[in-house]
2 protein chains.
Amino acid sequence: MSHKGNLAVVSGFSGAGKGTLMKALLEQYPMQYALSISATTRKPREGEEHGREYFFLTKEQFEQLIAEDALIEYAGYVGNYYGTPKRYVQEQLEAGRDVILEIEIQGALKVKKKFPDTLLLFVVPPSAAELEKRLRGRGTETDEVIRSRLARAAEEAAYMEQYDYLLINDDLSVCVEQMHALIQAQRARVSGNSSFIADMRGQLEHLRQR
Amino acid sequence: MSHKGNLAVVSGFSGAGKGTLMKALLEQYPMQYALSISATTRKPREGEEHGREYFFLTKEQFEQLIAEDALIEYAGYVGNYYGTPKRYVQEQLEAGRDVILEIEIQGALKVKKKFPDTLLLFVVPPSAAELEKRLRGRGTETDEVIRSRLARAAEEAAYMEQYDYLLINDDLSVCVEQMHALIQAQRARVSGNSSFIADMRGQLEHLRQR
């Protein structure tokens, strides 16, 4: 994948505030970032729109994308497919925008394996107690749902070491700036500047032999 | 080495502006950074002070430090020893300051091998022509010295890929801010937050079993 933008993956516990964080980042830097939209075969929930929360596809349409190698990653979860369409991501990266994928851990690790320069960010609340408070604060979830979210968080916590950076979402605006700084720092990575390095070497050789 | 600050190593071509960059960074963030001072057995040049540019030691004193394992790294260069005393670095890191070592490439790679979390920064001018211009601009160097500096830069360029980040020193204040952002970003590295991660796991397990 040749590109000018950087690819970042954001994962984290349900309730850590990933959605709010993404929204704030895109509001703050609308020209800089593009948020990738996933495709799924699950049915839209109330208020969800095709092309906004997800691309809602039939099983046949999704399997067509798989057959065409048109997904960066995909996985099955509770009987449905979820995946990241390649084309939009590639277009945005080529336009110099940094693309953010908000996906779960298994997908994140697949993307990193395929594109090692991907930045993996893991969003956490400042504490588990705060996570529980935020989950309860929504006021829409049953006790059982909250328990299952906490159990899932405990399982997901096993993968935190496989990420590059931890984003502790305590103060939202601090967290947005930190995320922005981490993604922008990627532009200075030696691994992303091989043509600059090659040019510099060529120029130095030229000056030395003059 | 247990610590609260981060260790960063800055290398780069002679004439890239490392010295000016360090000075500007320390002026901008005097409480945040500590610049490690190297020890050497070479004689002080005019205007150099013991404990400011270097700790000027005798060969016997330097070999005493080697024997006591009191150096993070050391090397011989043109008949003299150069090295980084461990104690000052450790004290500053423990006080929560980020320590910067301005050392040459071989030393930098030794430090990284010993302390893998070290951030390796390579400072370059925007182009080789600009490097030559800066070297000539000093007005103090003979043509021969400039040629040998350029030849050395061409050799050093072979090691750029072993660094983490490239700092292109075009506009000084932009470069200072970029360097600051890169070093501060280290605090969010997953590898530096193992106790936070362990705590989070413990708390989640506790909530889940309640």
# chains A, B, ... in the order shown; residues from 1 in each chain; ligands from 1
$ residues_around --residues "Gly96 in chain B" --least-positions-apart "4" --cutoff "10 Å" --atoms "only C-alpha atoms" --output "list of chain:residue names"
B:His3, B:Lys4, B:Gly5, B:Asn6, B:Met31, B:Gln32, B:Tyr33, B:Gln90, B:Glu91, B:Gln92
$ closest_atom_pairs --of "chain B" --to "chain A" --cutoff "9 Å" --atoms "only C-alpha atoms" --output "JSON lines"
{"residue": "B:Phe122", "atom": "CA", "partner": "A:Val190", "partner_atom": "CA", "distance": 8.7}
{"residue": "B:Pro126", "atom": "CA", "partner": "A:Met200", "partner_atom": "CA", "distance": 8.7}
{"residue": "B:Ser127", "atom": "CA", "partner": "A:Met200", "partner_atom": "CA", "distance": 6.4}
{"residue": "B:Ala128", "atom": "CA", "partner": "A:Gln203", "partner_atom": "CA", "distance": 5.7}
{"residue": "B:Ala129", "atom": "CA", "partner": "A:Gln203", "partner_atom": "CA", "distance": 7.7}
{"residue": "B:Glu132", "atom": "CA", "partner": "A:Leu207", "partner_atom": "CA", "distance": 8.6}
{"residue": "B:Arg147", "atom": "CA", "partner": "A:Arg208", "partner_atom": "CA", "distance": 6.7}
{"residue": "B:Ser148", "atom": "CA", "partner": "A:Arg208", "partner_atom": "CA", "distance": 8.4}
{"residue": "B:Leu150", "atom": "CA", "partner": "A:Arg208", "partner_atom": "CA", "distance": 6.2}
{"residue": "B:Ala151", "atom": "CA", "partner": "A:Arg208", "partner_atom": "CA", "distance": 5.6}
{"residue": "B:Ala153", "atom": "CA", "partner": "A:Leu204", "partner_atom": "CA", "distance": 7.2}
{"residue": "B:Ala154", "atom": "CA", "partner": "A:Leu204", "partner_atom": "CA", "distance": 5.3}
{"residue": "B:Glu155", "atom": "CA", "partner": "A:Arg201", "partner_atom": "CA", "distance": 8.9}
{"residue": "B:Ala157", "atom": "CA", "partner": "A:Arg201", "partner_atom": "CA", "distance": 6.2}
{"residue": "B:Ala158", "atom": "CA", "partner": "A:Arg201", "partner_atom": "CA", "distance": 7.9}
{"residue": "B:Met160", "atom": "CA", "partner": "A:Val190", "partner_atom": "CA", "distance": 7.4}
{"residue": "B:Glu161", "atom": "CA", "partner": "A:Val190", "partner_atom": "CA", "distance": 6.0}
{"residue": "B:Gln162", "atom": "CA", "partner": "A:Val190", "partner_atom": "CA", "distance": 8.1}
{"residue": "B:Tyr163", "atom": "CA", "partner": "A:Val190", "partner_atom": "CA", "distance": 6.6}
{"residue": "B:Asp164", "atom": "CA", "partner": "A:Val190", "partner_atom": "CA", "distance": 5.7}
{"residue": "B:Tyr165", "atom": "CA", "partner": "A:Arg189", "partner_atom": "CA", "distance": 4.4}
{"residue": "B:Leu166", "atom": "CA", "partner": "A:Ala188", "partner_atom": "CA", "distance": 5.4}
{"residue": "B:Leu167", "atom": "CA", "partner": "A:Ala188", "partner_atom": "CA", "distance": 6.7}
{"residue": "B:Ile168", "atom": "CA", "partner": "A:Ala188", "partner_atom": "CA", "distance": 8.4}
{"residue": "B:Gln178", "atom": "CA", "partner": "A:Ala185", "partner_atom": "CA", "distance": 7.7}
{"residue": "B:Ala181", "atom": "CA", "partner": "A:Ala181", "partner_atom": "CA", "distance": 6.7}
{"residue": "B:Leu182", "atom": "CA", "partner": "A:Ala185", "partner_atom": "CA", "distance": 6.4}
{"residue": "B:Ala185", "atom": "CA", "partner": "A:Leu182", "partner_atom": "CA", "distance": 6.4}
{"residue": "B:Gln186", "atom": "CA", "partner": "A:Tyr165", "partner_atom": "CA", "distance": 8.4}
{"residue": "B:Arg187", "atom": "CA", "partner": "A:Tyr165", "partner_atom": "CA", "distance": 8.8}
{"residue": "B:Ala188", "atom": "CA", "partner": "A:Tyr165", "partner_atom": "CA", "distance": 5.3}
{"residue": "B:Arg189", "atom": "CA", "partner": "A:Tyr165", "partner_atom": "CA", "distance": 4.4}
{"residue": "B:Val190", "atom": "CA", "partner": "A:Tyr165", "partner_atom": "CA", "distance": 4.9}
{"residue": "B:Ser191", "atom": "CA", "partner": "A:Glu161", "partner_atom": "CA", "distance": 7.0}
{"residue": "B:Asn193", "atom": "CA", "partner": "A:Leu166", "partner_atom": "CA", "distance": 8.0}
{"residue": "B:Ser194", "atom": "CA", "partner": "A:Glu161", "partner_atom": "CA", "distance": 8.3}
{"residue": "B:Ile197", "atom": "CA", "partner": "A:Met160", "partner_atom": "CA", "distance": 7.5}
{"residue": "B:Asp199", "atom": "CA", "partner": "A:Ser127", "partner_atom": "CA", "distance": 8.5}
{"residue": "B:Met200", "atom": "CA", "partner": "A:Ala128", "partner_atom": "CA", "distance": 6.1}
{"residue": "B:Arg201", "atom": "CA", "partner": "A:Ala157", "partner_atom": "CA", "distance": 6.2}
{"residue": "B:Gly202", "atom": "CA", "partner": "A:Ala154", "partner_atom": "CA", "distance": 8.7}
{"residue": "B:Gln203", "atom": "CA", "partner": "A:Ala128", "partner_atom": "CA", "distance": 5.7}
{"residue": "B:Leu204", "atom": "CA", "partner": "A:Ala154", "partner_atom": "CA", "distance": 5.4}
{"residue": "B:Glu205", "atom": "CA", "partner": "A:Ala154", "partner_atom": "CA", "distance": 6.2}
{"residue": "B:Leu207", "atom": "CA", "partner": "A:Leu150", "partner_atom": "CA", "distance": 7.3}
{"residue": "B:Arg208", "atom": "CA", "partner": "A:Ala151", "partner_atom": "CA", "distance": 5.6}
{"residue": "B:Gln209", "atom": "CA", "partner": "A:Ala151", "partner_atom": "CA", "distance": 8.9}
$ closest_residue --among "B:Pro30, B:Pro116, B:Gly19, B:Gly51" --to "Leu101 in chain B" --atoms "only C-alpha atoms"
B:Gly19
$ select_by_dssp --residues "range 71-148 of chain B" --states "strand (DSSP E)" --output "PyMOL selection string"
chain B and resi 71-77+80-85+98-102+119-124
$ residues_around --residues "Ile100 in chain B" --least-positions-apart "3" --cutoff "10 Å" --atoms "only C-alpha atoms" --output "short mmCIF file (atom, residue, chain, number, x, y, z; two decimals) with N, CA, C and O atoms, in the first residue's frame"
data_model
loop_
_atom_site.label_atom_id
_atom_site.label_comp_id
_atom_site.auth_asym_id
_atom_site.auth_seq_id
_atom_site.Cartn_x
_atom_site.Cartn_y
_atom_site.Cartn_z
N ASN B 6 12.15 9.45 30.67
CA ASN B 6 12.53 8.70 29.49
C ASN B 6 13.92 9.07 29.02
O ASN B 6 14.37 10.19 29.21
N LEU B 7 14.54 8.12 28.37
CA LEU B 7 15.88 8.33 27.85
C LEU B 7 15.80 8.51 26.34
O LEU B 7 15.20 7.68 25.65
N ALA B 8 16.37 9.60 25.83
CA ALA B 8 16.41 9.83 24.39
C ALA B 8 17.84 10.09 23.97
O ALA B 8 18.60 10.74 24.68
N VAL B 9 18.20 9.54 22.83
CA VAL B 9 19.54 9.76 22.29
C VAL B 9 19.41 10.59 21.01
O VAL B 9 18.58 10.28 20.16
N VAL B 10 20.21 11.63 20.93
CA VAL B 10 20.20 12.46 19.73
C VAL B 10 21.55 12.33 19.02
O VAL B 10 22.60 12.56 19.63
N MET B 22 19.39 21.38 21.04
CA MET B 22 19.40 21.01 22.45
C MET B 22 19.23 22.23 23.33
O MET B 22 18.47 22.23 24.29
N TYR B 33 13.66 18.56 31.02
CA TYR B 33 14.78 17.83 30.42
C TYR B 33 16.09 18.02 31.16
O TYR B 33 16.35 19.07 31.74
N ALA B 34 16.91 16.98 31.10
CA ALA B 34 18.28 17.08 31.58
C ALA B 34 19.17 16.57 30.46
O ALA B 34 18.89 15.55 29.84
N LEU B 35 20.22 17.32 30.20
CA LEU B 35 21.16 16.94 29.15
C LEU B 35 22.33 16.24 29.82
O LEU B 35 22.97 16.79 30.70
N SER B 36 22.56 15.01 29.42
CA SER B 36 23.67 14.28 30.01
C SER B 36 25.00 14.84 29.52
O SER B 36 25.13 15.24 28.37
N ILE B 37 25.96 14.92 30.43
CA ILE B 37 27.28 15.43 30.05
C ILE B 37 28.24 14.24 29.96
O ILE B 37 28.32 13.42 30.87
N VAL B 89 22.57 10.28 34.87
CA VAL B 89 21.42 9.89 34.05
C VAL B 89 20.35 9.23 34.94
O VAL B 89 19.17 9.58 34.88
N ARG B 97 12.67 13.40 35.23
CA ARG B 97 13.09 14.20 34.06
C ARG B 97 13.45 13.29 32.90
O ARG B 97 13.88 12.17 33.09
N ILE B 103 25.04 11.84 21.56
CA ILE B 103 26.23 11.00 21.34
C ILE B 103 26.25 10.48 19.91
O ILE B 103 25.26 10.53 19.20
N THR B 118 14.89 3.12 24.91
CA THR B 118 15.52 4.38 24.53
C THR B 118 15.00 4.85 23.17
O THR B 118 14.86 4.06 22.25
N LEU B 119 14.72 6.13 23.09
CA LEU B 119 14.24 6.72 21.83
C LEU B 119 15.45 7.24 21.06
O LEU B 119 16.20 8.08 21.56
N LEU B 120 15.63 6.74 19.84
CA LEU B 120 16.77 7.19 19.03
C LEU B 120 16.32 8.21 17.99
O LEU B 120 15.52 7.89 17.12
N ILE B 183 9.43 12.92 22.36
CA ILE B 183 9.91 12.40 23.65
C ILE B 183 8.74 12.25 24.62
O ILE B 183 8.64 11.23 25.32
#
$ closest_residue --among "A:Phe56, A:Tyr77, A:Phe115, A:Tyr159" --to "Thr40 in chain A" --atoms "only C-alpha atoms"
A:Phe56
$ atom_distance --atom1 "CA of Lys86 in chain B" --atom2 "CA of Arg42 in chain B"
19.5 Å
$ select_by_dssp --residues "range 69-105 of chain A" --states "alpha helix (DSSP H)" --output "PyMOL selection string"
chain A and resi 86-94+105
$ atom_distance --atom1 "CA of Ala70 in chain B" --atom2 "CA of Thr20 in chain B"
28.6 Å
$ atom_distance --atom1 "CA of Arg138 in chain A" --atom2 "CA of Gly17 in chain A"
11.6 Å
